[in-house]
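Coordinates as given in coords.csv (CSV, C-alpha atoms):
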chain,number,residue,atom,x,y,z
E,1,MET,CA,-13.1,-16.1,54.6
E,2,SER,CA,-11.0,-16.1,57.8
E,3,THR,CA,-7.9,-16.5,55.7
E,4,ILE,CA,-8.6,-13.2,54.0
E,5,VAL,CA,-9.5,-11.3,57.2
E,6,THR,CA,-6.8,-12.8,59.5
E,7,PRO,CA,-3.8,-10.9,58.2
E,8,TYR,CA,-5.7,-7.6,58.6
E,9,LEU,CA,-6.8,-8.4,62.1
E,10,THR,CA,-3.2,-9.3,63.0
E,11,LYS,CA,-2.0,-6.1,61.4
E,12,LEU,CA,-4.6,-4.1,63.3
E,13,ASP,CA,-3.4,-5.5,66.5
E,14,SER,CA,0.2,-4.4,65.8
E,15,ILE,CA,-1.0,-1.0,64.7
E,16,GLU,CA,-3.0,-0.6,67.9
E,17,LEU,CA,0.1,-1.3,70.0
E,18,GLU,CA,2.0,1.5,68.2
E,19,LEU,CA,-0.6,4.2,68.4
E,20,PRO,CA,0.5,5.5,71.9
E,21,ASN,CA,4.1,5.9,70.5
E,22,ILE,CA,2.9,7.7,67.4
E,23,ALA,CA,0.7,10.0,69.5
E,24,ARG,CA,3.7,10.7,71.8
E,25,GLN,CA,6.0,11.5,68.9
E,26,THR,CA,3.4,13.7,67.3
E,27,VAL,CA,3.2,15.8,70.5
E,28,ILE,CA,7.0,16.1,70.5
E,29,ASP,CA,7.1,17.0,66.9
E,30,ASN,CA,4.4,19.7,67.4
E,31,GLN,CA,5.5,20.9,70.9
E,32,GLU,CA,6.2,24.5,69.7
E,33,GLU,CA,2.6,24.9,68.5
E,34,ILE,CA,1.3,23.3,71.7
E,35,LYS,CA,3.3,25.5,73.9
E,36,ASP,CA,2.2,28.6,71.8
E,37,LEU,CA,-1.4,27.7,72.6
E,38,LEU,CA,-0.6,28.0,76.3
E,39,LYS,CA,1.6,31.1,75.9
E,40,TYR,CA,-0.4,33.2,73.5
E,41,LYS,CA,-4.0,31.8,73.6
E,42,GLN,CA,-4.2,31.5,77.4
E,43,LEU,CA,-1.5,33.1,79.6
E,44,ALA,CA,-1.0,36.2,77.4
E,45,LEU,CA,-4.8,36.7,77.5
E,46,GLY,CA,-4.9,36.2,81.3
E,47,LYS,CA,-6.7,32.9,81.2
E,48,GLY,CA,-6.2,29.9,83.5
E,49,SER,CA,-6.4,26.3,82.6
E,50,ASP,CA,-10.1,26.4,83.3
E,51,GLY,CA,-10.5,29.2,80.7
E,52,GLU,CA,-11.4,31.8,83.4
E,53,SER,CA,-9.8,35.2,83.9
E,54,LEU,CA,-6.9,35.2,86.4
E,55,GLY,CA,-7.3,38.9,87.1
E,56,VAL,CA,-6.6,42.4,85.8
E,57,TYR,CA,-3.7,44.8,86.4
E,58,SER,CA,-4.0,47.6,88.9
E,59,GLN,CA,-2.8,51.2,88.6
E,60,PHE,CA,0.1,50.2,90.9
E,61,THR,CA,1.3,47.5,88.5
E,62,GLN,CA,0.9,49.8,85.6
E,63,SER,CA,3.1,52.4,87.3
E,64,TYR,CA,5.8,49.9,88.2
E,65,ALA,CA,5.8,48.5,84.6
E,66,ASP,CA,6.0,52.0,83.1
E,67,ARG,CA,8.9,52.8,85.4
E,68,ASP,CA,10.7,49.6,84.2
E,69,GLY,CA,10.0,50.5,80.5
E,70,LEU,CA,8.4,47.1,79.7
E,71,SER,CA,7.6,46.5,76.1
E,72,ILE,CA,4.5,44.6,76.9
E,73,PRO,CA,2.1,46.9,78.7
E,74,LYS,CA,0.5,46.3,82.1
E,75,THR,CA,-2.4,48.6,81.6
E,76,LYS,CA,-4.8,49.1,84.5
E,77,GLY,CA,-7.9,47.0,84.0
E,78,GLN,CA,-6.4,44.8,81.3
E,79,PRO,CA,-6.0,41.0,81.9
E,80,TYR,CA,-2.7,39.6,83.3
E,81,ASN,CA,-0.4,38.7,80.4
E,82,PHE,CA,2.4,36.9,82.4
E,83,GLN,CA,5.0,38.6,80.3
E,84,TRP,CA,7.2,40.7,82.5
E,85,SER,CA,10.7,39.7,81.4
E,86,SER,CA,9.7,36.9,79.0
E,87,ASP,CA,11.7,34.4,81.0
E,88,THR,CA,8.7,32.2,81.7
E,89,PHE,CA,7.6,32.0,78.1
E,90,ASN,CA,11.1,31.5,76.8
E,91,SER,CA,11.9,28.8,79.3
E,92,MET,CA,8.8,26.6,78.7
E,93,GLY,CA,9.4,23.0,78.0
E,94,LEU,CA,7.2,20.0,77.2
E,95,PHE,CA,7.5,16.5,78.5
E,96,ALA,CA,5.6,13.8,76.7
E,97,THR,CA,4.8,10.5,78.5
E,98,LYS,CA,4.6,7.1,76.9
E,99,LYS,CA,0.8,7.3,77.2
E,100,GLY,CA,0.7,10.2,74.8
E,101,GLU,CA,0.0,12.7,77.6
E,102,PHE,CA,2.2,15.7,78.1
E,103,ASP,CA,3.2,18.2,80.7
E,104,ILE,CA,4.3,21.8,80.0
E,105,PHE,CA,6.8,23.2,82.5
E,106,SER,CA,9.0,26.2,83.0
E,107,ILE,CA,12.7,25.6,83.2
E,108,ASP,CA,13.2,28.9,85.2
E,109,GLY,CA,11.2,27.4,88.0
E,110,LYS,CA,8.4,30.1,87.9
E,111,LYS,CA,5.7,27.5,87.3
E,112,ASP,CA,5.6,26.5,90.9
E,113,LEU,CA,5.6,30.1,92.1
E,114,LEU,CA,2.9,31.2,89.6
E,115,GLU,CA,0.7,28.2,90.3
E,116,SER,CA,1.0,28.8,94.1
E,117,ILE,CA,-0.5,32.2,93.4
E,118,TYR,CA,-3.0,31.6,90.6
E,119,GLY,CA,-3.7,27.9,90.7
E,120,GLU,CA,-3.4,25.6,87.7
E,121,ILE,CA,-2.3,27.7,84.7
E,122,PHE,CA,0.2,25.5,82.8
E,123,ASP,CA,-2.4,23.0,81.5
E,124,LEU,CA,-4.3,23.7,78.3
E,125,THR,CA,-7.9,24.6,78.5
E,126,GLU,CA,-10.4,21.9,77.5
E,127,GLU,CA,-10.9,23.8,74.2
E,128,HIS,CA,-7.1,23.8,73.4
E,129,ASN,CA,-6.7,20.2,74.6
E,130,GLN,CA,-9.4,19.2,72.1
E,131,TYR,CA,-7.6,21.2,69.4
E,132,VAL,CA,-4.4,19.3,70.1
E,133,ASN,CA,-6.3,16.0,70.0
E,134,ILE,CA,-8.4,16.6,66.9
E,135,GLU,CA,-6.2,18.9,64.8
E,136,ILE,CA,-2.7,17.7,65.6
E,137,ILE,CA,-2.7,14.1,66.9
E,138,LEU,CA,-5.7,12.5,65.2
E,139,PRO,CA,-4.7,13.2,61.6
E,140,THR,CA,-1.3,11.7,62.3
E,141,LEU,CA,-2.9,8.6,63.8
E,142,GLN,CA,-5.3,8.2,60.9
E,143,GLN,CA,-2.5,8.5,58.4
E,144,TYR,CA,-0.4,6.0,60.3
E,145,ILE,CA,-3.3,3.5,60.3
E,146,LEU,CA,-4.0,3.9,56.6
E,147,ASP,CA,-0.3,3.7,55.6
E,148,ASN,CA,0.3,0.6,57.7
E,149,LEU,CA,-2.9,-1.3,57.1
E,150,THR,CA,-2.1,-1.4,53.4
E,151,LEU,CA,1.3,-3.1,54.0
E,152,ILE,CA,-0.2,-6.6,54.1
Entire entry expressed as structure tokens:
Amino acid sequence: MSTIVTPYLTKLDSIELELPNIARQTVIDNQEEIKDLLKYKQLALGKGSDGESLGVYSQFTQSYADRDGLSIPKTKGQPYNFQWSSDTFNSMGLFATKKGEFDIFSIDGKKDLLESIYGEIFDLTEEHNQYVNIEIILPTLQQYILDNLTLI
């Protein structure tokens, strides 16, 4: 019986070694969707990485935004949307590590400034992180395992 099982166990070992690389590549291949989660499902809704509200606009901010003719409103009492000039959203990048982890950053350097004011806001919430793991990475890993296990 071991002669039947041995090639599969050997193949499983080699598959296991490749999974972090596959996860990393999956993150890279889907970085726009991942960044959009941060941009439009968190920051544009005024939510921090903990999912909590980061604050609401004051009348002063609304007046200043109206004066500048911003296309994205800063209405008094509405959550911060972090879209004044769109520079921060447009300059977001994603760095994927060899361990399959990733970091979202802002090329324009506003990440450090914004996080010094609001705390951690460039990480995904637990809910969005789970989405990335379950809906984006896991199906790719499962397909890779199935495709490669049958190559014995």
Checklist line | For E:Ile34, the nearest of the candidates E:Gly46, E:Gly93, E:Gly119, E:Gly51, counting all atoms listed in the file | finding: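 Going through E:Gly46, E:Gly93, E:Gly119, E:Gly51 one by one, the smallest distance to E:Ile34 is for E:Gly93.
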Next item on the list: Kindly give the distance, in Å, that separates atom CA of E:Leu141 and atom CA of E:Arg24, rounded to a single decimal.
Entry: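 The value is 10.6 Å.
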Using all atoms listed in the file, tabulate the residues of stretch 1-118 of chain E lying at most 10 Å from any atom of stretch 142-145 of chain E, each with its closest atom pair and that distance in Å to one decimal, by chain and increasing residue number, as CSV.
residue,atom,partner,partner_atom,distance
E:Lys11,CA,E:Ile145,CA,9.7
E:Leu12,CA,E:Ile145,CA,8.3
E:Ile15,CA,E:Ile145,CA,6.7
E:Glu16,CA,E:Ile145,CA,8.6
E:Glu18,CA,E:Tyr144,CA,9.4
E:Leu19,CA,E:Tyr144,CA,8.3
E:Ile22,CA,E:Tyr144,CA,8.0
Next item on the list: Please identify all polymer residues within 8 Å of E:Pro73, counting all atoms listed in the file, omitting same-chain residues fewer than 4 positions from it, and present them as a PyMOL selection string.
Entry: chain E and resi 62+65-66
Next item on the list: Compare E:Ile152, E:Leu70, E:Ile117, E:Ile137 by their minimum atom-to-atom distance to E:Gly55, counting only C-alpha atoms, and give me the closest one.
Entry: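 Of E:Ile152, E:Leu70, E:Ile117, E:Ile137, the one nearest E:Gly55 is E:Ile117, counting only C-alpha atoms.
In this comparison, which uses all atoms listed in the file, the residue of E:Leu146, E:Leu151, E:Leu138, E:Ile121 approaching E:Leu38 most closely is E:Ile121.
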Item checked: E:Ala44 surroundings by only C-alpha atoms, 8 Å radius, close-in-sequence under 4 positions cut, as an MDAnalysis selection string -> chainID E and resid 39:40 80:83
Could those residues be written to a file, using C-alpha atoms, as an mmCIF file, in the frame of the given file?
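Okay, this is what ended up in selection27.cif:
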data_model
loop_
_atom_site.group_PDB
_atom_site.id
_atom_site.type_symbol
_atom_site.label_atom_id
_atom_site.label_comp_id
_atom_site.auth_asym_id
_atom_site.auth_seq_id
_atom_site.Cartn_x
_atom_site.Cartn_y
_atom_site.Cartn_z
ATOM 1 C CA LYS E 39 1.600 31.100 75.900
ATOM 2 C CA TYR E 40 -0.400 33.200 73.500
ATOM 3 C CA TYR E 80 -2.700 39.600 83.300
ATOM 4 C CA ASN E 81 -0.400 38.700 80.400
ATOM 5 C CA PHE E 82 2.400 36.900 82.400
ATOM 6 C CA GLN E 83 5.000 38.600 80.300
#
Note to self: Could you list, as a list in words, every residue within 9 Å of E:Ser49, counting all atoms listed in the file and ignoring same-chain residues fewer than 6 positions away?
What the structure shows: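 Contacts, with the query itself left out: Leu38, Gln42, Leu43, Gly119, Glu120, Ile121, Phe122, Asp123, Leu124, Thr125 and Glu126 of chain E.
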Export C-alpha atoms of the chosen residues as a CSV table (one decimal), in the coordinates of the input?
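This is the output file again-v1.csv:
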chain,number,residue,atom,x,y,z
E,38,LEU,CA,-0.6,28.0,76.3
E,42,GLN,CA,-4.2,31.5,77.4
E,43,LEU,CA,-1.5,33.1,79.6
E,119,GLY,CA,-3.7,27.9,90.7
E,120,GLU,CA,-3.4,25.6,87.7
E,121,ILE,CA,-2.3,27.7,84.7
E,122,PHE,CA,0.2,25.5,82.8
E,123,ASP,CA,-2.4,23.0,81.5
E,124,LEU,CA,-4.3,23.7,78.3
E,125,THR,CA,-7.9,24.6,78.5
E,126,GLU,CA,-10.4,21.9,77.5
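Checking E:Lys74, E:Pro79, E:Asp29, E:Ser86 one by one against E:Leu54, counting only C-alpha atoms, you find the shortest gap at E:Pro79.
Distance-wise, atom CA of E:Phe60 and atom CA of E:Gly109 end up 25.5 Å apart.
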Next item on the list: Return the single residue from E:Gln78, E:Asn30, E:Thr61, E:Thr88 that is closest to E:Leu114, with distances computed using all atoms listed in the file.
Entry: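 Result for the nearest residue to E:Leu114: E:Thr88.
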Next item on the list: Could you check how far atom CA of E:Lys47 sits from atom CA of E:Leu113, in Å to one decimal?
Entry: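 Atom CA of E:Leu113 lies 16.7 Å from atom CA of E:Lys47.
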Checklist line | Given only C-alpha atoms as the counted atoms, nearest of E:Gln25, E:Thr10, E:Ser106, E:Thr150 to E:Phe89 | finding: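 Smallest distance to E:Phe89 is found for E:Ser106.
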For stretch 97-119 of chain E, which lacks atoms in the input, supply N, CA and C atoms and format the output as a PDB file, in the frame of the given file.
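Saved as result.pdb:
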ATOM      1  N   THR E  97       4.745  11.825  77.852  1.00  0.00           N
ATOM      2  CA  THR E  97       4.800  10.500  78.500  1.00  0.00           C
ATOM      3  C   THR E  97       4.584   9.422  77.421  1.00  0.00           C
ATOM      4  N   LYS E  98       4.830   8.181  77.795  1.00  0.00           N
ATOM      5  CA  LYS E  98       4.600   7.100  76.900  1.00  0.00           C
ATOM      6  C   LYS E  98       3.136   6.849  76.578  1.00  0.00           C
ATOM      7  N   LYS E  99       2.263   7.413  77.403  1.00  0.00           N
ATOM      8  CA  LYS E  99       0.800   7.300  77.200  1.00  0.00           C
ATOM      9  C   LYS E  99       0.275   8.326  76.242  1.00  0.00           C
ATOM     10  N   GLY E 100       1.134   9.167  75.688  1.00  0.00           N
ATOM     11  CA  GLY E 100       0.700  10.200  74.800  1.00  0.00           C
ATOM     12  C   GLY E 100       0.215  11.461  75.509  1.00  0.00           C
ATOM     13  N   GLU E 101       0.360  11.481  76.828  1.00  0.00           N
ATOM     14  CA  GLU E 101       0.000  12.700  77.600  1.00  0.00           C
ATOM     15  C   GLU E 101       1.246  13.566  77.644  1.00  0.00           C
ATOM     16  N   PHE E 102       1.042  14.835  77.999  1.00  0.00           N
ATOM     17  CA  PHE E 102       2.200  15.700  78.100  1.00  0.00           C
ATOM     18  C   PHE E 102       2.007  16.721  79.209  1.00  0.00           C
ATOM     19  N   ASP E 103       3.145  17.261  79.631  1.00  0.00           N
ATOM     20  CA  ASP E 103       3.200  18.200  80.700  1.00  0.00           C
ATOM     21  C   ASP E 103       4.037  19.411  80.229  1.00  0.00           C
ATOM     22  N   ILE E 104       3.515  20.626  80.369  1.00  0.00           N
ATOM     23  CA  ILE E 104       4.300  21.800  80.000  1.00  0.00           C
ATOM     24  C   ILE E 104       4.845  22.374  81.325  1.00  0.00           C
ATOM     25  N   PHE E 105       6.116  22.712  81.298  1.00  0.00           N
ATOM     26  CA  PHE E 105       6.800  23.200  82.500  1.00  0.00           C
ATOM     27  C   PHE E 105       7.621  24.418  82.170  1.00  0.00           C
ATOM     28  N   SER E 106       8.105  25.077  83.197  1.00  0.00           N
ATOM     29  CA  SER E 106       9.000  26.200  83.000  1.00  0.00           C
ATOM     30  C   SER E 106      10.329  25.906  83.610  1.00  0.00           C
ATOM     31  N   ILE E 107      11.346  25.968  82.790  1.00  0.00           N
ATOM     32  CA  ILE E 107      12.700  25.600  83.200  1.00  0.00           C
ATOM     33  C   ILE E 107      13.185  26.614  84.272  1.00  0.00           C
ATOM     34  N   ASP E 108      12.731  27.855  84.208  1.00  0.00           N
ATOM     35  CA  ASP E 108      13.200  28.900  85.200  1.00  0.00           C
ATOM     36  C   ASP E 108      12.587  28.703  86.548  1.00  0.00           C
ATOM     37  N   GLY E 109      11.730  27.719  86.732  1.00  0.00           N
ATOM     38  CA  GLY E 109      11.200  27.400  88.000  1.00  0.00           C
ATOM     39  C   GLY E 109       9.986  28.302  88.433  1.00  0.00           C
ATOM     40  N   LYS E 110       9.531  29.166  87.544  1.00  0.00           N
ATOM     41  CA  LYS E 110       8.400  30.100  87.900  1.00  0.00           C
ATOM     42  C   LYS E 110       7.068  29.364  87.887  1.00  0.00           C
ATOM     43  N   LYS E 111       7.007  28.189  87.302  1.00  0.00           N
ATOM     44  CA  LYS E 111       5.700  27.500  87.300  1.00  0.00           C
ATOM     45  C   LYS E 111       5.193  27.270  88.671  1.00  0.00           C
ATOM     46  N   ASP E 112       6.018  26.753  89.567  1.00  0.00           N
ATOM     47  CA  ASP E 112       5.600  26.500  90.900  1.00  0.00           C
ATOM     48  C   ASP E 112       5.127  27.787  91.622  1.00  0.00           C
ATOM     49  N   LEU E 113       5.908  28.839  91.445  1.00  0.00           N
ATOM     50  CA  LEU E 113       5.600  30.100  92.100  1.00  0.00           C
ATOM     51  C   LEU E 113       4.235  30.642  91.510  1.00  0.00           C
ATOM     52  N   LEU E 114       4.102  30.673  90.198  1.00  0.00           N
ATOM     53  CA  LEU E 114       2.900  31.200  89.600  1.00  0.00           C
ATOM     54  C   LEU E 114       1.657  30.364  89.967  1.00  0.00           C
ATOM     55  N   GLU E 115       1.822  29.038  89.983  1.00  0.00           N
ATOM     56  CA  GLU E 115       0.700  28.200  90.300  1.00  0.00           C
ATOM     57  C   GLU E 115       0.338  28.266  91.810  1.00  0.00           C
ATOM     58  N   SER E 116       1.312  28.619  92.651  1.00  0.00           N
ATOM     59  CA  SER E 116       1.000  28.800  94.100  1.00  0.00           C
ATOM     60  C   SER E 116       0.137  30.060  94.260  1.00  0.00           C
ATOM     61  N   ILE E 117       0.240  31.000  93.326  1.00  0.00           N
ATOM     62  CA  ILE E 117      -0.500  32.200  93.400  1.00  0.00           C
ATOM     63  C   ILE E 117      -1.872  32.103  92.657  1.00  0.00           C
ATOM     64  N   TYR E 118      -1.844  31.567  91.442  1.00  0.00           N
ATOM     65  CA  TYR E 118      -3.000  31.600  90.600  1.00  0.00           C
ATOM     66  C   TYR E 118      -3.716  30.245  90.386  1.00  0.00           C
ATOM     67  N   GLY E 119      -3.169  29.180  90.928  1.00  0.00           N
ATOM     68  CA  GLY E 119      -3.700  27.900  90.700  1.00  0.00           C
ATOM     69  C   GLY E 119      -3.176  27.287  89.398  1.00  0.00           C
TER      70      GLY E 119
END
